[in-house]
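S.K.: Contents are TSV, C-alpha atoms and all ligand atoms; file name run-v1.tsv:
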chain	number	residue	atom	x	y	z
S	294	MET	CA	116.75	-116.36	41.73
S	295	LYS	CA	116.31	-118.93	44.46
S	296	ARG	CA	119.93	-118.58	45.46
S	297	PHE	CA	119.62	-114.78	45.48
S	298	LEU	CA	116.59	-114.93	47.80
S	299	HIS	CA	118.44	-117.30	50.06
S	300	TRP	CA	121.45	-114.99	50.38
S	301	SER	CA	119.42	-111.86	50.81
S	302	ALA	CA	117.33	-113.51	53.54
S	303	LEU	CA	120.49	-114.52	55.33
S	304	ALA	CA	121.91	-111.04	55.02
S	305	LEU	CA	118.71	-109.58	56.45
S	306	CYS	CA	118.81	-111.95	59.42
S	307	ALA	CA	122.45	-111.05	60.08
S	308	CYS	CA	121.56	-107.37	59.99
S	309	LEU	CA	118.71	-107.80	62.45
S	310	LEU	CA	120.91	-109.75	64.83
S	311	ALA	CA	123.78	-107.29	64.65
S	312	ALA	CA	121.82	-104.05	64.97
S	313	PRO	CA	120.61	-103.18	68.47
S	314	LEU	CA	116.89	-102.60	68.63
S	315	PRO	CA	116.21	-98.90	68.33
S	316	ALA	CA	115.01	-97.46	71.63
S	317	ALA	CA	111.83	-96.30	69.89
S	318	ALA	CA	110.81	-99.94	69.57
S	319	ALA	CA	110.40	-100.30	73.35
S	320	PRO	CA	106.74	-100.65	74.30
S	321	TYR	CA	106.46	-97.25	75.94
S	322	LYS	CA	103.14	-95.58	76.63
S	323	ALA	CA	102.08	-92.73	74.38
S	324	GLU	CA	101.61	-90.63	77.52
S	325	TYR	CA	102.72	-90.98	81.14
S	326	LYS	CA	100.49	-89.25	83.66
S	327	LEU	CA	102.22	-87.15	86.32
S	328	SER	CA	100.09	-86.02	89.26
S	329	VAL	CA	100.50	-82.68	91.03
S	330	VAL	CA	98.24	-81.52	93.86
S	331	PRO	CA	98.24	-77.70	93.44
S	332	GLY	CA	97.83	-75.67	90.23
S	333	ALA	CA	100.08	-75.36	87.19
S	334	THR	CA	101.35	-71.90	88.17
S	335	SER	CA	102.45	-72.97	91.66
S	336	GLY	CA	106.21	-73.49	92.10
S	337	TRP	CA	105.41	-77.17	92.49
S	338	GLY	CA	103.44	-77.26	89.21
S	339	MET	CA	106.27	-75.41	87.45
S	340	THR	CA	108.79	-77.88	88.85
S	341	ALA	CA	106.75	-80.78	87.48
S	342	SER	CA	106.59	-79.13	84.04
S	343	TYR	CA	110.32	-78.53	84.14
S	344	PHE	CA	110.85	-82.26	84.68
S	345	ALA	CA	108.40	-83.30	81.95
S	346	ASP	CA	109.97	-80.88	79.43
S	347	LEU	CA	113.49	-81.98	80.29
S	348	VAL	CA	112.59	-85.65	79.87
S	349	ARG	CA	110.80	-85.01	76.56
S	350	ASP	CA	113.78	-83.06	75.20
S	351	ARG	CA	116.46	-85.46	76.30
S	352	SER	CA	114.58	-88.53	75.12
S	353	GLN	CA	113.81	-86.86	71.78
S	354	GLY	CA	110.12	-87.30	72.48
S	355	ARG	CA	110.29	-91.00	73.29
S	356	ILE	CA	109.14	-90.39	76.88
S	357	ASN	CA	106.14	-88.15	76.95
S	358	ILE	CA	105.12	-87.13	80.46
S	359	LYS	CA	101.99	-85.04	80.83
S	360	VAL	CA	101.51	-83.03	84.01
S	361	TYR	CA	98.01	-83.14	85.51
S	362	PRO	CA	97.90	-80.29	88.06
S	363	SER	CA	95.16	-79.31	90.53
S	364	SER	CA	94.61	-82.84	91.90
S	365	GLN	CA	92.80	-83.72	88.65
S	366	LEU	CA	93.81	-87.36	88.77
S	367	LEU	CA	92.83	-87.62	92.43
S	368	ALA	CA	89.23	-86.43	92.19
S	369	GLY	CA	90.40	-83.64	94.45
S	370	LYS	CA	91.43	-85.94	97.29
S	371	GLN	CA	95.13	-85.34	97.80
S	372	THR	CA	95.76	-88.06	100.38
S	373	SER	CA	94.74	-90.74	97.80
S	374	GLU	CA	97.75	-89.99	95.60
S	375	PHE	CA	100.13	-92.58	97.02
S	376	LEU	CA	97.66	-95.44	96.63
S	377	MET	CA	96.75	-94.41	93.08
S	378	LEU	CA	100.42	-94.22	92.11
S	379	ARG	CA	101.10	-97.59	93.68
S	380	ASN	CA	98.22	-99.31	91.90
S	381	GLY	CA	99.14	-97.82	88.52
S	382	ALA	CA	96.24	-95.41	88.00
S	383	ILE	CA	99.01	-92.78	87.92
S	384	ASP	CA	102.50	-93.27	86.42
S	385	PHE	CA	104.44	-90.45	88.10
S	386	ALA	CA	103.77	-88.02	90.94
S	387	LEU	CA	105.71	-85.03	92.16
S	388	ALA	CA	104.41	-85.42	95.66
S	389	SER	CA	104.58	-83.77	99.03
S	390	THR	CA	105.58	-85.83	102.05
S	391	ILE	CA	102.48	-84.35	103.69
S	392	ASN	CA	100.04	-85.95	101.28
S	393	TRP	CA	101.64	-89.39	101.55
S	394	SER	CA	102.16	-89.28	105.32
S	395	PRO	CA	98.80	-90.91	106.15
S	396	GLN	CA	100.14	-94.07	104.45
S	397	ILE	CA	103.84	-93.74	105.37
S	398	LYS	CA	104.36	-92.57	108.93
S	399	GLU	CA	108.07	-91.81	108.39
S	400	LEU	CA	107.11	-88.92	106.11
S	401	ASN	CA	105.86	-86.99	109.13
S	402	LEU	CA	109.50	-86.31	110.00
S	403	THR	CA	109.60	-82.95	108.20
S	404	ALA	CA	106.18	-82.07	109.64
S	405	LEU	CA	107.46	-82.23	113.23
S	406	PRO	CA	106.74	-78.65	114.30
S	407	PHE	CA	109.78	-76.35	114.50
S	408	LEU	CA	112.30	-79.19	114.11
S	409	LEU	CA	114.03	-77.39	111.24
S	410	ALA	CA	112.98	-73.83	112.14
S	411	VAL	CA	115.28	-73.81	115.15
S	412	GLN	CA	118.36	-74.97	113.19
S	413	PRO	CA	121.05	-72.36	112.47
S	414	ASP	CA	120.44	-72.70	108.70
S	415	ARG	CA	117.10	-74.28	107.89
S	416	TYR	CA	117.88	-74.87	104.20
S	417	LYS	CA	121.18	-76.57	104.96
S	418	ALA	CA	119.30	-78.67	107.50
S	419	MET	CA	116.81	-79.77	104.83
S	420	ASP	CA	119.61	-80.53	102.38
S	421	ALA	CA	121.38	-82.59	105.04
S	422	ILE	CA	118.24	-84.66	105.60
S	423	MET	CA	117.66	-85.23	101.88
S	424	ALA	CA	121.28	-86.26	101.30
S	425	GLY	CA	121.75	-88.10	104.58
S	426	LYS	CA	120.78	-91.24	106.40
S	427	SER	CA	117.38	-89.94	107.46
S	428	GLY	CA	116.45	-89.07	103.86
S	429	LYS	CA	117.41	-92.54	102.80
S	430	MET	CA	115.28	-94.00	105.59
S	431	MET	CA	112.30	-91.99	104.31
S	432	VAL	CA	112.87	-93.18	100.73
S	433	ASP	CA	113.31	-96.79	101.88
S	434	ALA	CA	110.04	-96.60	103.80
S	435	ILE	CA	108.22	-95.46	100.65
S	436	GLU	CA	109.86	-98.02	98.39
S	437	LYS	CA	109.02	-100.79	100.84
S	438	LYS	CA	105.37	-99.82	100.46
S	439	GLY	CA	105.57	-100.05	96.67
S	440	VAL	CA	106.55	-96.78	94.95
S	441	LYS	CA	109.93	-96.07	93.32
S	442	ILE	CA	111.55	-92.73	94.26
S	443	ILE	CA	113.94	-91.11	91.78
S	444	GLY	CA	114.51	-87.68	93.31
S	445	TRP	CA	113.58	-84.85	95.64
S	446	ALA	CA	112.35	-81.30	95.11
S	447	GLU	CA	110.75	-78.75	97.41
S	448	ASN	CA	107.43	-77.06	98.04
S	449	GLY	CA	109.06	-75.02	100.80
S	450	PHE	CA	108.84	-73.90	104.40
S	451	ARG	CA	105.22	-73.34	105.30
S	452	GLU	CA	104.35	-69.88	106.60
S	453	MET	CA	101.10	-68.63	108.18
S	454	THR	CA	98.72	-66.26	106.46
S	455	THR	CA	95.65	-64.91	108.24
S	456	GLY	CA	92.94	-62.35	107.92
S	457	LYS	CA	93.45	-61.53	111.59
S	458	GLY	CA	96.82	-60.59	112.87
S	459	PRO	CA	99.67	-60.00	113.07
S	460	ILE	CA	100.88	-63.24	114.64
S	461	THR	CA	103.97	-62.84	116.80
S	462	THR	CA	103.33	-65.10	119.80
S	463	PRO	CA	101.63	-68.49	120.27
S	464	GLU	CA	98.80	-66.66	122.08
S	465	ASP	CA	97.96	-64.83	118.84
S	466	MET	CA	96.90	-68.18	117.36
S	467	ASN	CA	94.26	-68.64	120.03
S	468	GLY	CA	90.84	-69.45	118.60
S	469	LEU	CA	91.82	-68.89	114.95
S	470	LYS	CA	90.13	-71.22	112.51
S	471	ILE	CA	92.89	-72.56	110.27
S	472	ARG	CA	92.61	-74.68	107.12
S	473	VAL	CA	95.00	-77.63	107.24
S	474	VAL	CA	95.74	-80.69	105.13
S	475	GLY	CA	93.98	-83.94	106.08
S	476	SER	CA	96.96	-85.39	107.92
S	477	PRO	CA	96.64	-85.90	111.71
S	478	ILE	CA	99.86	-84.20	112.87
S	479	PHE	CA	98.51	-80.87	111.58
S	480	ILE	CA	95.42	-81.08	113.75
S	481	GLU	CA	97.54	-81.75	116.83
S	482	THR	CA	100.04	-78.98	116.08
S	483	PHE	CA	97.38	-76.31	115.66
S	484	ARG	CA	95.40	-77.49	118.66
S	485	ALA	CA	98.59	-77.25	120.73
S	486	LEU	CA	98.73	-73.59	119.70
S	487	GLY	CA	95.14	-73.05	120.79
S	488	ALA	CA	93.86	-72.72	117.22
S	489	ASN	CA	90.89	-74.46	115.68
S	490	PRO	CA	92.20	-76.49	112.71
S	491	VAL	CA	89.87	-77.75	110.00
S	492	ASN	CA	90.74	-80.32	107.33
S	493	MET	CA	90.13	-79.22	103.79
S	494	ASN	CA	91.46	-80.55	100.50
S	495	TRP	CA	93.53	-78.02	98.57
S	496	SER	CA	91.05	-78.39	95.70
S	497	GLU	CA	88.41	-76.74	97.90
S	498	ALA	CA	90.62	-74.43	99.90
S	499	THR	CA	90.60	-71.38	97.61
S	500	THR	CA	86.82	-71.31	97.61
S	501	GLY	CA	86.96	-71.69	101.38
S	502	PHE	CA	89.29	-68.67	101.64
S	503	GLN	CA	87.05	-66.65	99.34
S	504	GLN	CA	84.01	-67.41	101.43
S	505	GLY	CA	85.91	-66.67	104.62
S	506	VAL	CA	85.11	-70.04	106.19
S	507	VAL	CA	88.56	-69.99	107.81
S	508	ASP	CA	90.69	-67.23	109.34
S	509	GLY	CA	93.95	-68.51	107.93
S	510	GLN	CA	96.08	-71.18	106.33
S	511	GLU	CA	99.71	-72.21	105.99
S	512	ASN	CA	101.63	-72.76	102.76
S	513	PRO	CA	105.00	-71.87	101.25
S	514	THR	CA	105.52	-68.27	100.12
S	515	ASN	CA	107.12	-68.62	96.68
S	516	GLY	CA	105.56	-71.91	95.77
S	517	ILE	CA	101.93	-71.35	96.73
S	518	ASN	CA	101.03	-68.12	98.54
S	519	ILE	CA	102.35	-65.68	95.94
S	520	PRO	CA	101.04	-67.55	92.85
S	521	LEU	CA	97.65	-67.84	94.62
S	522	LYS	CA	97.61	-64.07	95.40
S	523	ILE	CA	96.91	-64.92	99.01
S	524	TRP	CA	96.59	-61.18	99.83
S	525	ASP	CA	93.15	-61.28	98.18
S	526	PHE	CA	92.08	-63.29	101.24
S	527	HIS	CA	94.58	-62.70	104.02
S	528	LYS	CA	96.44	-59.49	104.84
S	529	TYR	CA	98.85	-60.92	107.41
S	530	HIS	CA	101.85	-63.07	106.70
S	531	CYS	CA	103.84	-64.65	109.52
S	532	ASP	CA	107.22	-66.10	108.63
S	533	TRP	CA	107.70	-68.81	111.24
S	534	HIS	CA	109.12	-71.69	109.10
S	535	TYR	CA	107.26	-74.14	111.34
S	536	ILE	CA	107.59	-77.08	108.93
S	537	ILE	CA	108.81	-77.81	105.43
S	538	ASP	CA	107.43	-80.05	102.77
S	539	PRO	CA	110.03	-81.56	100.59
S	540	LEU	CA	108.66	-83.07	97.39
S	541	LEU	CA	109.47	-86.51	96.04
S	542	MET	CA	109.47	-87.71	92.45
S	543	GLY	CA	107.69	-91.05	92.61
S	544	VAL	CA	107.19	-93.59	89.84
S	545	ASN	CA	104.96	-96.64	89.71
S	546	PRO	CA	107.42	-99.58	90.01
S	547	ALA	CA	106.06	-101.49	87.00
S	548	VAL	CA	106.34	-98.34	84.89
S	549	TRP	CA	109.89	-97.82	86.17
S	550	GLN	CA	110.84	-101.40	85.22
S	551	SER	CA	109.38	-100.92	81.74
S	552	PHE	CA	112.04	-98.29	80.92
S	553	SER	CA	115.37	-99.38	79.44
S	554	PRO	CA	118.39	-99.02	81.75
S	555	GLU	CA	119.54	-96.04	79.63
S	556	ASP	CA	116.18	-94.36	80.02
S	557	ARG	CA	116.12	-95.00	83.75
S	558	LYS	CA	119.46	-93.21	83.92
S	559	LEU	CA	118.06	-90.38	81.81
S	560	LEU	CA	115.04	-90.04	84.09
S	561	SER	CA	117.19	-90.03	87.23
S	562	GLU	CA	119.45	-87.34	85.74
S	563	CYS	CA	116.42	-85.22	84.83
S	564	ALA	CA	115.11	-85.67	88.39
S	565	ALA	CA	118.44	-84.47	89.82
S	566	GLU	CA	118.28	-81.29	87.71
S	567	THR	CA	114.66	-80.82	88.65
S	568	GLU	CA	115.68	-80.88	92.31
S	569	LYS	CA	118.04	-77.95	91.71
S	570	TYR	CA	115.38	-75.98	89.86
S	571	GLY	CA	112.60	-76.75	92.36
S	572	LYS	CA	114.72	-75.85	95.36
S	573	ALA	CA	115.83	-72.61	93.76
S	574	LEU	CA	112.21	-71.61	93.06
S	575	SER	CA	111.28	-72.38	96.64
S	576	ARG	CA	114.26	-70.53	98.18
S	577	LEU	CA	114.49	-67.53	95.87
S	578	GLY	CA	114.89	-64.32	97.86
S	579	MET	CA	115.20	-66.26	101.11
S	580	ASP	CA	118.69	-67.73	100.93
S	581	ASP	CA	122.17	-66.27	100.44
S	582	GLY	CA	121.53	-65.47	96.77
S	583	ALA	CA	122.47	-68.90	95.41
S	584	SER	CA	118.93	-69.56	94.13
S	585	LEU	CA	118.80	-66.25	92.25
S	586	ALA	CA	122.18	-66.97	90.64
S	587	TYR	CA	121.14	-70.49	89.68
S	588	LEU	CA	117.80	-69.51	88.13
S	589	LYS	CA	119.55	-66.72	86.19
S	590	SER	CA	122.17	-69.15	84.95
S	591	ILE	CA	119.54	-71.48	83.47
S	592	GLY	CA	117.41	-68.59	82.14
S	593	LYS	CA	114.41	-69.42	84.34
S	594	LEU	CA	114.03	-66.44	86.65
S	595	PRO	CA	110.37	-66.03	87.69
S	596	ALA	CA	108.62	-62.65	87.80
S	597	VAL	CA	108.83	-62.25	91.58
S	598	THR	CA	112.39	-62.39	92.88
S	599	GLU	CA	111.92	-60.49	96.15
S	600	PRO	CA	108.99	-62.18	97.82
S	601	TYR	CA	108.86	-60.14	101.05
S	602	ALA	CA	108.94	-56.75	99.33
S	603	PHE	CA	106.45	-58.03	96.78
S	604	MET	CA	103.93	-59.17	99.42
S	605	GLU	CA	104.24	-55.80	101.16
S	606	GLN	CA	103.58	-54.03	97.84
S	607	GLN	CA	100.36	-56.06	97.64
S	608	GLY	CA	99.30	-54.63	100.98
S	609	MET	CA	100.31	-57.48	103.26
S	610	THR	CA	101.78	-57.00	106.70
S	611	VAL	CA	104.80	-59.29	106.73
S	612	THR	CA	106.07	-60.38	110.12
S	613	ARG	CA	109.37	-62.20	110.19
S	614	LEU	CA	109.84	-63.87	113.56
S	615	SER	CA	113.18	-63.70	115.36
S	616	PRO	CA	114.82	-66.92	116.60
S	617	GLU	CA	113.64	-65.98	120.13
S	618	GLN	CA	110.04	-65.65	118.96
S	619	ILE	CA	110.27	-68.95	117.08
S	620	ALA	CA	111.63	-70.61	120.23
S	621	LYS	CA	108.36	-69.76	122.02
S	622	PHE	CA	106.31	-71.49	119.33
S	623	SER	CA	108.69	-74.41	119.46
S	624	GLU	CA	108.18	-74.69	123.21
S	625	ALA	CA	104.39	-74.56	122.82
S	626	THR	CA	104.48	-77.53	120.44
S	627	ARG	CA	107.03	-79.65	122.30
S	628	LYS	CA	104.50	-82.33	123.24
S	629	VAL	CA	103.43	-82.78	119.60
S	630	ARG	CA	107.07	-83.36	118.67
S	631	GLU	CA	107.51	-85.86	121.47
S	632	ASP	CA	104.30	-87.78	120.70
S	633	TRP	CA	105.03	-87.91	116.99
S	634	THR	CA	108.66	-88.87	117.48
S	635	ALA	CA	107.34	-92.02	119.13
S	636	LYS	CA	104.92	-92.62	116.23
S	637	ILE	CA	107.40	-91.91	113.43
S	638	GLY	CA	110.20	-93.88	115.07
S	639	PRO	CA	112.83	-92.39	117.39
S	640	GLU	CA	115.59	-93.91	115.20
S	641	LEU	CA	114.54	-91.80	112.25
S	642	VAL	CA	114.32	-88.60	114.29
S	643	LYS	CA	117.75	-89.32	115.80
S	644	ALA	CA	119.19	-89.90	112.33
S	645	ALA	CA	117.74	-86.57	111.16
S	646	GLU	CA	119.22	-84.78	114.16
S	647	ALA	CA	122.60	-86.31	113.41
S	648	ASP	CA	122.34	-85.38	109.71
S	649	MET	CA	121.45	-81.77	110.60
S	650	ALA	CA	124.20	-81.50	113.20
S	651	ALA	CA	126.81	-82.59	110.67
S	652	VAL	CA	126.41	-79.47	108.45
B	1	LIG	O1	97.27	-78.77	100.54
B	1	LIG	C1	98.27	-78.05	100.65
B	1	LIG	O2	98.34	-77.16	101.51
B	1	LIG	C2	99.42	-78.25	99.71
B	1	LIG	C3	99.02	-77.80	98.32
B	1	LIG	O3	100.51	-77.50	100.12
B	1	LIG	C4	99.78	-79.70	99.74
B	1	LIG	O4	99.41	-80.45	98.88
B	1	LIG	C5	100.58	-80.21	100.87
Let's see the structure in the file written out as structure tokens.
Ligand code: X2X
M.R.:
Amino acid sequence: MKRFLHWSALALCACLLAAPLPAAAAPYKAEYKLSVVPGATSGWGMTASYFADLVRDRSQGRINIKVYPSSQLLAGKQTSEFLMLRNGAIDFALASTINWSPQIKELNLTALPFLLAVQPDRYKAMDAIMAGKSGKMMVDAIEKKGVKIIGWAENGFREMTTGKGPITTPEDMNGLKIRVVGSPIFIETFRALGANPVNMNWSEATTGFQQGVVDGQENPTNGINIPLKIWDFHKYHCDWHYIIDPLLMGVNPAVWQSFSPEDRKLLSECAAETEKYGKALSRLGMDDGASLAYLKSIGKLPAVTEPYAFMEQQGMTVTRLSPEQIAKFSEATRKVREDWTAKIGPELVKAAEADMAAV
């Protein structure tokens, strides 16, 4: 009996040594919190859910990410997101460069007014930044400040909507009260156009639109304006592409380190697929048809596939500015670009220009 116990104990030890620990044994959290500023039905919210679902599926439920939309984890204050992610109150965030730009000045690059709007192909220009040296400089700046970045996505080019309009020249912006995000470059851009910008968190903006406390706002068409039914508040849409907000998939560094190397690879792969989905949602009906084909191919076509026609059906007047009209707005905001190039770092702006020129 004694001998039997001895041998069986040895055999058990050998087994334990030989067998790799099952991944399920890693001390993972029961739930990882992922922050999103706008609502669940925004393109941005849908992109976050796509990521969470993909990760849950591919990890067979080992990594359970829960999306918290509508700035729930931020007590409504969207510019606190970076700090909360860094200090571990949040595990993941699918975040806009705009909301993190008060802490990381480099993220104002894509908020330089009309920098991308005047490029021959604004989407290719954005892709070139994300894949190029300037994108890497932006990611490095974030990681230096303490948040791991595993991928990009896209909220989209931000277009104007107003209750007064249409807007076709910079003069049309004169005196309009416009809701903007609490990031300084926005105030300067709208003042340069003669408008009267007011800071308002997104969590309060819809109520503000309802009550008519502002004349207008700017947000991406597919991602925000259509899901929000902006025509309930504003009848005029002006397609001016003045800035874009790319999104970044950020992870708290301690959380990132807690994942096994295999799971880090899995998460990065899911982030890369999320980028394709998020960009396609943002660009649907606005590019050469590639986004439509992609969303069809993965069986994820949203209800609205022709955003301009759809907004017109809802009673909006849609004005799509010509390159010549956009050039006038670009000229009117030249000083903001120059001032902010100095603040952001001329090296970064030069790198972005080189990245965009190479496409
Ligand atoms: O506040 C906004 O306008 C929004 C939802 O687009 C961002 O979070 C940048």
S.K.: Counting all atoms listed in the file, which residues come within 10 Å of (109.9, -73.0, 119.9), with the point read in the file's coordinates, and could you list them as a PyMOL selection string?
M.R.: chain S and resi 406-408+410-411+463+533+535+616-627
S.K.: Pick from S:Lys326, S:Arg351, S:His534, S:Lys370: nearest to Arg613 in chain S, with only C-alpha atoms counted?
M.R.: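 When distances to Arg613 in chain S are compared using only C-alpha atoms, the smallest one comes from S:His534.
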S.K.: Output the neighbourhood of ligand LIG 1 (chain B) as a VMD selection string, that is, all protein and nucleic acid residues with some atom at most 7 Å from the ligand, counting all atoms listed in the file.
M.R.: chain S and resid 330 to 331 371 389 391 to 392 473 to 474 494 to 495 511 to 512
S.K.: Considering only C-alpha atoms, can you say which of S:Gly468, S:Pro546, S:Gly571, S:Pro477 comes closest to Gly509 in chain S?
M.R.: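 Smallest distance to Gly509 in chain S is found for S:Gly468.
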S.K.: One decimal, Å: what's the distance from CA of Gln503 in chain S over to CA of Gly456 in chain S, could you say?
M.R.: 11.3 Å
S.K.: Might you pull out every residue within 9 Å of Tyr601 in chain S, with all atoms listed in the file counted and same-chain residues fewer than 6 positions away left off, and present them as JSON, numbers by chain?
M.R.: {"S": [514, 578, 579, 611]}
S.K.: Can you tell me, as lines of an AutoDock Vina configuration file, the centre and edge lengths (Å, one decimal) of the axis-aligned box enclosing all of range 534-543 of chain S's listed atoms after padding each side by 4 Å?
M.R.:
center_x = 108.6
center_y = -81.4
center_z = 101.9
size_x = 10.8
size_y = 27.4
size_z = 26.9
S.K.: With all atoms listed in the file as the atoms that count, which of S:Gly516, S:Lys589, S:Phe552, S:Ala645 lies nearest to Asp420 in chain S?
M.R.: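 Closest residue, counting all atoms listed in the file: S:Ala645.
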S.K.: So that I can see what lies close to Ala434 in chain S, please list as a count of residues only the residues with an atom at most 12 Å from it, counting all atoms listed in the file and leaving out residues fewer than 5 positions away in the same chain.
M.R.: 19
S.K.: Which residue out of S:Gln412, S:Met493, S:Lys322, S:Phe375 has the minimum interatomic distance to Val506 in chain S when all atoms listed in the file are used?
M.R.: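 Result for the nearest residue to Val506 in chain S: S:Met493.
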S.K.: To one decimal place, how far is CA of Ala404 in chain S from CA of Glu374 in chain S in Å?
M.R.: 18.2 Å
S.K.: My list of candidates is S:Met430, S:Leu614, S:Leu540, S:Met423. Which is closest to Gly338 in chain S when distances are computed with only C-alpha atoms?
M.R.: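 Result for the nearest residue to Gly338 in chain S: S:Leu540.
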S.K.: Mind checking which residues fall within 6 Å of range 559-568 of chain S, counting only C-alpha atoms, ignoring those fewer than 4 positions away in the same chain, and posting them as a list in words?
M.R.: Phe344, Ile443, Gly444, Trp445, Ala446 and Lys572 of chain S
S.K.: Rank S:Val432, S:Val642, S:Val548, S:Ala388 by their smallest atom-to-atom distance to Tyr325 in chain S, using only C-alpha atoms, and report the top residue only.
M.R.: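 Once distances to Tyr325 in chain S are computed over only C-alpha atoms, the minimum belongs to S:Val548.
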S.K.: As an exercise, work out the distance from CA of Arg557 in chain S to CA of Met419 in chain S in Å and give it to one decimal place.
M.R.: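 Interatomic distance here is 26.0 Å.
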S.K.: So which residues touch Pro520 in chain S within 9 Å, counting all atoms listed in the file, skipping near sequence neighbours fewer than 5 positions away, as a list in words?
M.R.: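 Skipping anything fewer than 5 positions along the chain leaves Thr334, Ser335, Gly336, Thr514 and Asn515 of chain S.
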S.K.: Quick one: write out the picked residues with C-alpha atoms as a tab-separated table (two decimals), keeping the file's coordinate frame?
M.R.:
chain	number	residue	atom	x	y	z
S	334	THR	CA	101.35	-71.90	88.17
S	335	SER	CA	102.45	-72.97	91.66
S	336	GLY	CA	106.21	-73.49	92.10
S	514	THR	CA	105.52	-68.27	100.12
S	515	ASN	CA	107.12	-68.62	96.68
S.K.: Mind listing whatever residues come within 6 Å of the point (94.5, -72.1, 112.1)? Use all atoms listed in the file, file coordinates, and give them as a PDB file with C-alpha atoms, keeping the file's coordinate frame.
M.R.:
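Output file part38.pdb follows:
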ATOM      1  CA  LEU S 469      91.820 -68.890 114.950  1.00  0.00           C
ATOM      2  CA  LYS S 470      90.130 -71.220 112.510  1.00  0.00           C
ATOM      3  CA  ILE S 471      92.890 -72.560 110.270  1.00  0.00           C
ATOM      4  CA  ARG S 472      92.610 -74.680 107.120  1.00  0.00           C
ATOM      5  CA  ALA S 488      93.860 -72.720 117.220  1.00  0.00           C
ATOM      6  CA  ASN S 489      90.890 -74.460 115.680  1.00  0.00           C
ATOM      7  CA  PRO S 490      92.200 -76.490 112.710  1.00  0.00           C
ATOM      8  CA  GLY S 509      93.950 -68.510 107.930  1.00  0.00           C
TER       9      GLY S 509
END
